[in-house]
>>> print(open('coords-v4.tsv').read())   # TSV, C-alpha atoms
chain	number	residue	atom	x	y	z
A	1	ASP	CA	-18.97	9.13	-1.52
A	2	ARG	CA	-20.40	5.87	-2.88
A	3	PHE	CA	-18.35	3.95	-5.47
A	4	TYR	CA	-20.20	1.12	-7.25
A	5	GLY	CA	-17.58	0.32	-9.89
A	6	HIS	CA	-17.87	-1.89	-12.96
A	7	TYR	CA	-18.46	-5.27	-11.37
A	8	GLY	CA	-19.32	-8.63	-12.86
A	9	ASN	CA	-19.49	-12.40	-12.44
A	10	PRO	CA	-17.00	-13.62	-13.46
A	11	THR	CA	-14.90	-10.55	-12.83
A	12	PRO	CA	-15.36	-8.30	-15.87
A	13	GLU	CA	-12.46	-8.17	-18.31
A	14	TYR	CA	-13.05	-4.55	-19.30
A	15	PRO	CA	-11.65	-2.36	-17.99
A	16	ASP	CA	-8.83	-4.71	-17.04
A	17	PRO	CA	-8.17	-4.76	-14.19
A	18	CYS	CA	-11.44	-3.27	-13.01
A	19	SER	CA	-11.75	-1.45	-9.70
A	20	TYR	CA	-13.91	0.96	-7.72
A	21	LEU	CA	-11.13	3.56	-7.81
A	22	TRP	CA	-7.91	3.41	-9.87
A	23	ALA	CA	-5.01	5.87	-9.63
A	24	ASP	CA	-2.57	5.38	-12.49
A	25	ASN	CA	1.08	6.41	-12.73
A	26	SER	CA	0.02	9.62	-14.46
A	27	GLY	CA	-2.33	10.56	-11.63
A	28	ALA	CA	-1.68	13.22	-9.01
A	29	PRO	CA	-0.18	11.78	-5.79
A	30	PHE	CA	-1.61	12.08	-2.30
A	31	PHE	CA	-5.32	11.65	-3.06
A	32	THR	CA	-7.65	10.98	-0.10
A	33	VAL	CA	-10.71	8.75	0.18
A	34	LYS	CA	-12.63	9.56	3.36
A	35	ASP	CA	-15.96	8.44	4.87
A	36	SER	CA	-16.82	6.47	1.72
A	37	THR	CA	-18.25	3.10	0.70
A	38	LEU	CA	-16.68	1.18	-2.16
A	39	GLY	CA	-18.46	-1.98	-3.29
A	40	PRO	CA	-21.04	-3.34	-5.71
A	41	ASN	CA	-24.68	-2.37	-5.44
A	42	LEU	CA	-25.41	-5.84	-4.06
A	43	PRO	CA	-26.12	-7.44	-0.68
A	44	ILE	CA	-23.48	-9.25	1.37
A	45	LEU	CA	-23.97	-13.03	1.03
A	46	ALA	CA	-24.69	-15.12	4.12
A	47	ASN	CA	-21.62	-17.28	3.46
A	48	GLY	CA	-19.32	-14.34	2.74
A	49	GLY	CA	-18.51	-12.04	-0.12
A	50	THR	CA	-20.84	-10.82	-2.85
A	51	SER	CA	-22.40	-12.43	-5.91
A	52	SER	CA	-20.36	-10.21	-8.24
A	53	GLY	CA	-17.35	-7.96	-7.91
A	54	THR	CA	-14.18	-6.33	-9.22
A	55	GLN	CA	-10.51	-7.26	-9.23
A	56	LYS	CA	-9.47	-4.32	-7.05
A	57	GLY	CA	-11.24	-1.98	-4.65
A	58	ILE	CA	-8.78	0.91	-4.51
A	59	PHE	CA	-5.62	0.39	-6.55
A	60	SER	CA	-2.91	3.03	-6.72
A	61	TYR	CA	0.46	3.70	-8.29
A	62	VAL	CA	0.80	6.90	-6.23
A	63	PRO	CA	0.70	7.66	-2.46
A	64	PHE	CA	-2.76	7.96	-0.95
A	65	THR	CA	-4.83	8.12	2.23
A	66	VAL	CA	-7.95	6.08	3.07
A	67	ILE	CA	-9.82	7.00	6.26
A	68	ARG	CA	-13.10	5.78	7.80
A	69	SER	CA	-14.24	3.87	4.73
A	70	ASN	CA	-16.06	0.62	4.00
A	71	ILE	CA	-14.63	-1.54	1.20
A	72	TYR	CA	-15.90	-4.94	0.03
A	73	GLY	CA	-16.77	-7.01	-3.04
A	74	SER	CA	-13.36	-7.14	-4.74
A	75	ASN	CA	-10.44	-9.59	-4.97
A	76	VAL	CA	-8.14	-7.06	-3.24
A	77	PRO	CA	-9.86	-4.19	-1.38
A	78	ILE	CA	-6.68	-2.06	-1.30
A	79	GLY	CA	-3.70	-2.64	-3.56
A	80	MET	CA	-0.69	-0.50	-4.39
A	81	GLU	CA	2.47	-0.38	-6.48
A	82	ILE	CA	4.20	2.73	-5.14
A	83	ASP	CA	7.79	3.71	-5.78
A	84	LYS	CA	9.61	4.07	-2.46
A	85	THR	CA	10.79	7.59	-3.38
A	86	GLU	CA	7.27	8.97	-3.84
A	87	GLY	CA	6.05	9.46	-0.27
A	88	ALA	CA	3.89	7.97	2.47
A	89	SER	CA	0.46	6.32	2.41
A	90	LEU	CA	-2.07	5.81	5.22
A	91	ILE	CA	-4.94	3.32	5.66
A	92	GLN	CA	-6.81	4.07	8.89
A	93	ASP	CA	-10.15	3.42	10.62
A	94	THR	CA	-11.37	1.41	7.63
A	95	TYR	CA	-13.40	-1.81	7.32
A	96	LEU	CA	-12.19	-4.32	4.69
A	97	HIS	CA	-14.40	-7.38	4.35
A	98	ASP	CA	-16.50	-9.78	2.25
A	99	ILE	CA	-14.12	-10.46	-0.58
A	100	TRP	CA	-15.35	-11.21	-4.07
A	101	SER	CA	-13.54	-14.19	-5.64
A	102	ASP	CA	-14.00	-16.20	-8.81
A	103	SER	CA	-12.25	-19.55	-9.43
A	104	ASP	CA	-8.53	-19.16	-8.61
A	105	ASP	CA	-8.43	-15.38	-8.05
A	106	HIS	CA	-5.64	-14.25	-5.71
A	107	THR	CA	-7.17	-12.48	-2.75
A	108	ASP	CA	-5.52	-10.23	-0.15
A	109	LEU	CA	-7.12	-7.55	1.99
A	110	ILE	CA	-4.15	-5.18	1.56
A	111	ASN	CA	-1.62	-5.91	-1.16
A	112	GLY	CA	1.65	-3.97	-1.42
A	113	ASN	CA	3.38	-5.10	-4.58
A	114	PHE	CA	6.55	-4.12	-6.48
A	115	HIS	CA	8.34	-2.97	-3.32
A	116	ALA	CA	5.56	-0.71	-1.97
A	117	SER	CA	7.03	1.28	0.94
A	118	HIS	CA	6.26	3.97	3.53
A	119	ILE	CA	2.86	2.49	4.40
A	120	THR	CA	0.96	2.91	7.67
A	121	VAL	CA	-1.97	0.56	8.37
A	122	ARG	CA	-3.63	1.73	11.59
A	123	HIS	CA	-6.83	0.95	13.51
A	124	ASN	CA	-8.62	-1.02	10.79
A	125	TYR	CA	-10.97	-4.02	10.91
A	126	LEU	CA	-9.51	-6.57	8.50
A	127	ASP	CA	-11.88	-9.51	7.95
A	128	GLY	CA	-10.74	-11.85	5.18
A	129	ILE	CA	-13.95	-13.80	4.67
A	130	ARG	CA	-14.54	-14.45	0.98
A	131	VAL	CA	-17.20	-16.13	-1.17
A	132	GLY	CA	-18.11	-19.60	0.11
A	133	ASN	CA	-16.98	-18.91	3.68
A	134	GLN	CA	-13.36	-19.24	2.54
A	135	TYR	CA	-10.43	-17.09	3.71
A	136	VAL	CA	-8.29	-14.68	1.70
A	137	VAL	CA	-4.65	-15.62	1.08
A	138	ASN	CA	-3.23	-12.76	3.19
A	139	GLY	CA	-4.65	-10.09	5.44
A	140	ILE	CA	-1.68	-7.91	4.53
A	141	GLY	CA	0.69	-9.10	1.79
A	142	MET	CA	3.97	-7.20	1.27
A	143	TYR	CA	5.62	-8.50	-1.89
A	144	ASP	CA	9.21	-8.31	-3.07
A	145	ASP	CA	8.05	-8.86	-6.62
A	146	PRO	CA	10.10	-9.06	-8.75
A	147	ALA	CA	13.00	-9.70	-6.39
A	148	ASP	CA	15.60	-7.77	-8.37
A	149	SER	CA	18.30	-5.38	-7.21
A	150	SER	CA	16.31	-2.28	-8.15
A	151	GLY	CA	13.64	-2.69	-5.49
A	152	ILE	CA	13.61	-3.03	-1.72
A	153	ILE	CA	10.60	-2.89	0.64
A	154	THR	CA	10.98	-0.50	3.55
A	155	ASP	CA	9.06	1.36	6.26
A	156	TRP	CA	5.80	-0.36	7.14
A	157	THR	CA	3.81	0.35	10.32
A	158	ILE	CA	0.97	-2.04	11.21
A	159	ASP	CA	-0.62	-0.77	14.40
A	160	ASN	CA	-3.80	-1.37	16.41
A	161	ASN	CA	-5.66	-3.44	13.81
A	162	TYR	CA	-8.09	-6.34	14.23
A	163	PHE	CA	-7.24	-9.33	11.98
A	164	ASP	CA	-9.70	-12.13	11.28
A	165	ARG	CA	-10.14	-14.95	8.72
A	166	SER	CA	-7.03	-14.93	6.55
A	167	ALA	CA	-4.86	-17.90	5.56
A	168	SER	CA	-1.89	-15.78	6.65
A	169	MET	CA	-2.69	-12.59	8.50
A	170	ILE	CA	0.59	-10.82	7.75
A	171	PHE	CA	2.93	-12.02	4.98
A	172	SER	CA	6.24	-10.66	3.71
A	173	ASN	CA	9.71	-11.56	2.55
A	174	THR	CA	11.74	-12.89	5.47
A	175	ASP	CA	15.01	-11.38	4.21
A	176	THR	CA	15.88	-8.22	6.18
A	177	ALA	CA	18.20	-7.17	3.36
A	178	ARG	CA	15.18	-7.06	1.02
A	179	PHE	CA	12.65	-5.78	3.56
A	180	THR	CA	14.50	-3.17	5.58
A	181	SER	CA	13.61	-1.41	8.82
A	182	PRO	CA	11.64	0.30	10.15
A	183	TYR	CA	9.03	-2.43	10.32
A	184	VAL	CA	6.64	-1.80	13.21
A	185	VAL	CA	3.96	-4.30	14.31
A	186	THR	CA	2.25	-3.11	17.50
A	187	ASN	CA	-1.03	-3.41	19.43
A	188	ASN	CA	-2.80	-5.67	16.93
A	189	VAL	CA	-5.40	-8.35	17.73
A	190	PHE	CA	-5.19	-11.62	15.77
A	191	THR	CA	-8.02	-14.17	15.98
A	192	ASN	CA	-7.48	-17.94	15.79
A	193	ARG	CA	-9.18	-18.17	12.38
A	194	PHE	CA	-6.22	-18.73	10.04
A	195	THR	CA	-4.84	-21.71	8.09
A	196	ASN	CA	-1.16	-20.93	7.30
A	197	GLY	CA	-0.09	-18.67	10.17
A	198	ARG	CA	-0.81	-15.43	11.87
A	199	PHE	CA	2.60	-14.03	10.99
A	200	VAL	CA	4.68	-15.27	8.04
A	201	SER	CA	7.22	-12.49	7.81
A	202	ARG	CA	10.59	-11.14	8.86
A	203	HIS	CA	10.98	-10.10	12.49
A	204	PRO	CA	9.69	-6.57	13.04
A	205	SER	CA	12.19	-3.95	14.12
A	206	THR	CA	9.58	-2.94	16.73
A	207	GLN	CA	6.85	-5.20	18.11
A	208	SER	CA	4.76	-4.98	21.27
A	209	GLY	CA	1.21	-5.17	22.56
A	210	ASN	CA	0.00	-7.75	20.04
A	211	VAL	CA	-2.60	-10.28	21.20
>>> encode(input="coords-v4.tsv", output="C-alpha cells")
Amino acid sequence: DRFYGHYGNPTPEYPDPCSYLWADNSGAPFFTVKDSTLGPNLPILANGGTSSGTQKGIFSYVPFTVIRSNIYGSNVPIGMEIDKTEGASLIQDTYLHDIWSDSDDHTDLINGNFHASHITVRHNYLDGIRVGNQYVVNGIGMYDDPADSSGIITDWTIDNNYFDRSASMIFSNTDTARFTSPYVVTNNVFTNRFTNGRFVSRHPSTQSGNV
C-alpha cells in the first residue's frame, strides 16, 4: 500500500496530530502494515528530510506489526502508547529515514511512550537524518512518561539493526526498577554519527554482538 497522509509545512494542525496511519484506543489490536510506503508525495531533499510532512508516520495505541516497509517525512516515523497488558508488537525489515521537522519539533525514529512494552525491533535500517542535515533526538526512545507508580516499561528486544545519524541512538530510563527485564540489545551496528551517545540507557539484561 501507499500512504500519503495529510501533510503540510508547517505540520498541519488538523487532524491533530496528523499521521499516515493512526490506530486509536478504540481500534482493533494486532493490525499489520506490510510491504508499504508511508510518506508524503514529495521528493527526498538533498540535505535530508522532505519539504513538508506529518507529526507521526504510524502511531498506535494498540499492538501492531510493521514488516518490510519504507517510512519517511514525519517527526516520528513509528510511535506507540501501548498498555503493557495488551500484547506484543514487531517492527522488522523496515527503513525509517528522512525525518520531517519544523522549528522545535521533537523527532525520534521509534518512540515508545507511556510505558510501551513488549516491543521487538529487528533487522531495520534506522537513519535519523532530518531536514537541514540535522539528526533526530533518538533513534529509539523508550519513555517512562509520566513516571508514576501505575506504569513500568518492560520487555524490549532490539536486535540486528543498523543505526545511523541520531543524537542518541538508543535512549531509555536508567532505573531498572522502572524499566524491567527482559531488555535485549544484540547484533546491532552503530555508526559514529551521533552527538549525545550511542547508548543512553539502563544496562541490557542481554547484550552481545553489537558493533
>>> residues_around(input="coords-v4.tsv", residues="A:Ala46", least_positions_apart="6", cutoff="10 Å", atoms="all atoms listed in the file", output="MDAnalysis selection string")
chainID A and resid 98 131:133
>>> closest_atom_pairs(input="coords-v4.tsv", of="stretch 15-34 of chain A", to="stretch 60-81 of chain A", cutoff="6 Å", atoms="all atoms listed in the file", output="tab-separated table")
residue	atom	partner	partner_atom	distance
A:Trp22	CA	A:Ser60	CA	5.9
A:Ala23	CA	A:Ser60	CA	4.6
A:Asp24	CA	A:Tyr61	CA	5.4
A:Asn25	CA	A:Tyr61	CA	5.2
A:Pro29	CA	A:Val62	CA	5.0
A:Phe30	CA	A:Phe64	CA	4.5
A:Phe31	CA	A:Phe64	CA	5.0
A:Thr32	CA	A:Thr65	CA	4.6
A:Val33	CA	A:Val66	CA	4.8
A:Lys34	CA	A:Ile67	CA	4.8
>>> closest_residue(input="coords-v4.tsv", among="A:Phe199, A:Tyr20, A:Tyr143, A:Tyr183", to="A:His6", atoms="all atoms listed in the file")
A:Tyr20
>>> axis_aligned_box(input="coords-v4.tsv", around="stretch 118-126 of chain A", padding_each_side="6 Å", output="lines of an AutoDock Vina configuration file")
center_x = -2.4
center_y = -1.3
center_z = 8.5
size_x = 29.2
size_y = 22.5
size_z = 22.0
>>> atom_distance(input="coords-v4.tsv", atom1="atom CA of A:Asp1", atom2="atom CA of A:Gly141")
27.0 Å
>>> closest_residue(input="coords-v4.tsv", among="A:Asn9, A:Ser201, A:Thr176, A:Ser150", to="A:Lys84", atoms="only C-alpha atoms")
A:Ser150
>>> atom_distance(input="coords-v4.tsv", atom1="atom CA of A:Ser36", atom2="atom CA of A:Thr54")
17.0 Å
>>> closest_residue(input="coords-v4.tsv", among="A:Tyr95, A:Phe171, A:Tyr162, A:Tyr125", to="A:Asn113", atoms="only C-alpha atoms")
A:Phe171
>>> residues_around(input="coords-v4.tsv", residues="A:Asn210", least_positions_apart="5", cutoff="7 Å", atoms="only C-alpha atoms", output="PDB file with C-alpha atoms, keeping the file's coordinate frame")
ATOM      1  CA  THR A 186       2.250  -3.110  17.500  1.00  0.00           C
ATOM      2  CA  ASN A 187      -1.030  -3.410  19.430  1.00  0.00           C
ATOM      3  CA  ASN A 188      -2.800  -5.670  16.930  1.00  0.00           C
ATOM      4  CA  VAL A 189      -5.400  -8.350  17.730  1.00  0.00           C
TER       5      VAL A 189
END
>>> atom_distance(input="coords-v4.tsv", atom1="atom CA of A:His106", atom2="atom CA of A:Ser181")
27.3 Å
>>> closest_residue(input="coords-v4.tsv", among="A:Val136, A:Leu96, A:Ile91, A:Leu109", to="A:Arg122", atoms="all atoms listed in the file")
A:Ile91
>>> residues_around(input="coords-v4.tsv", residues="A:Asn196", least_positions_apart="4", cutoff="9 Å", atoms="only C-alpha atoms", output="list in words")
Val137, Ser166, Ala167, Ser168, Met169 and Val200 of chain A
>>> residues_near_point(input="coords-v4.tsv", point="(-16.6, -14.0, -5.1)", cutoff="7 Å", atoms="only C-alpha atoms", output="ChimeraX atom specification")
/A:49-53,99-102,130-131
>>> write_last_selection(input="coords-v4.tsv", atoms="C-alpha atoms", output="short mmCIF file (atom, residue, chain, number, x, y, z; two decimals), in the frame of the given file")
data_model
loop_
_atom_site.label_atom_id
_atom_site.label_comp_id
_atom_site.auth_asym_id
_atom_site.auth_seq_id
_atom_site.Cartn_x
_atom_site.Cartn_y
_atom_site.Cartn_z
CA GLY A 49 -18.51 -12.04 -0.12
CA THR A 50 -20.84 -10.82 -2.85
CA SER A 51 -22.40 -12.43 -5.91
CA SER A 52 -20.36 -10.21 -8.24
CA GLY A 53 -17.35 -7.96 -7.91
CA ILE A 99 -14.12 -10.46 -0.58
CA TRP A 100 -15.35 -11.21 -4.07
CA SER A 101 -13.54 -14.19 -5.64
CA ASP A 102 -14.00 -16.20 -8.81
CA ARG A 130 -14.54 -14.45 0.98
CA VAL A 131 -17.20 -16.13 -1.17
#
>>> closest_residue(input="coords-v4.tsv", among="A:Lys56, A:Arg198, A:Arg2, A:His123", to="A:Ile110", atoms="all atoms listed in the file")
A:Lys56
>>> residues_around(input="coords-v4.tsv", residues="A:Thr180", least_positions_apart="3", cutoff="8 Å", atoms="all atoms listed in the file", output="PyMOL selection string")
chain A and resi 152-155+176-177+183
>>> write_last_selection(input="coords-v4.tsv", atoms="C-alpha atoms", output="compact mmCIF listing (two decimals), in the coordinates of the input")
# COMPACT_ATOMS: atom_id res chain seq x y z
CA ILE A 152 13.61 -3.03 -1.72
CA ILE A 153 10.60 -2.89 0.64
CA THR A 154 10.98 -0.50 3.55
CA ASP A 155 9.06 1.36 6.26
CA THR A 176 15.88 -8.22 6.18
CA ALA A 177 18.20 -7.17 3.36
CA TYR A 183 9.03 -2.43 10.32
>>> closest_residue(input="coords-v4.tsv", among="A:Phe59, A:Phe179, A:Phe163, A:Phe3", to="A:Gly39", atoms="all atoms listed in the file")
A:Phe3
>>> residues_around(input="coords-v4.tsv", residues="A:Asp145", least_positions_apart="4", cutoff="9 Å", atoms="only C-alpha atoms", output="PyMOL selection string")
chain A and resi 113-115+151
>>> write_last_selection(input="coords-v4.tsv", atoms="C-alpha atoms", output="PDB file, in the frame of the given file")
ATOM      1  CA  ASN A 113       3.380  -5.100  -4.580  1.00  0.00           C
ATOM      2  CA  PHE A 114       6.550  -4.120  -6.480  1.00  0.00           C
ATOM      3  CA  HIS A 115       8.340  -2.970  -3.320  1.00  0.00           C
ATOM      4  CA  GLY A 151      13.640  -2.690  -5.490  1.00  0.00           C
TER       5      GLY A 151
END
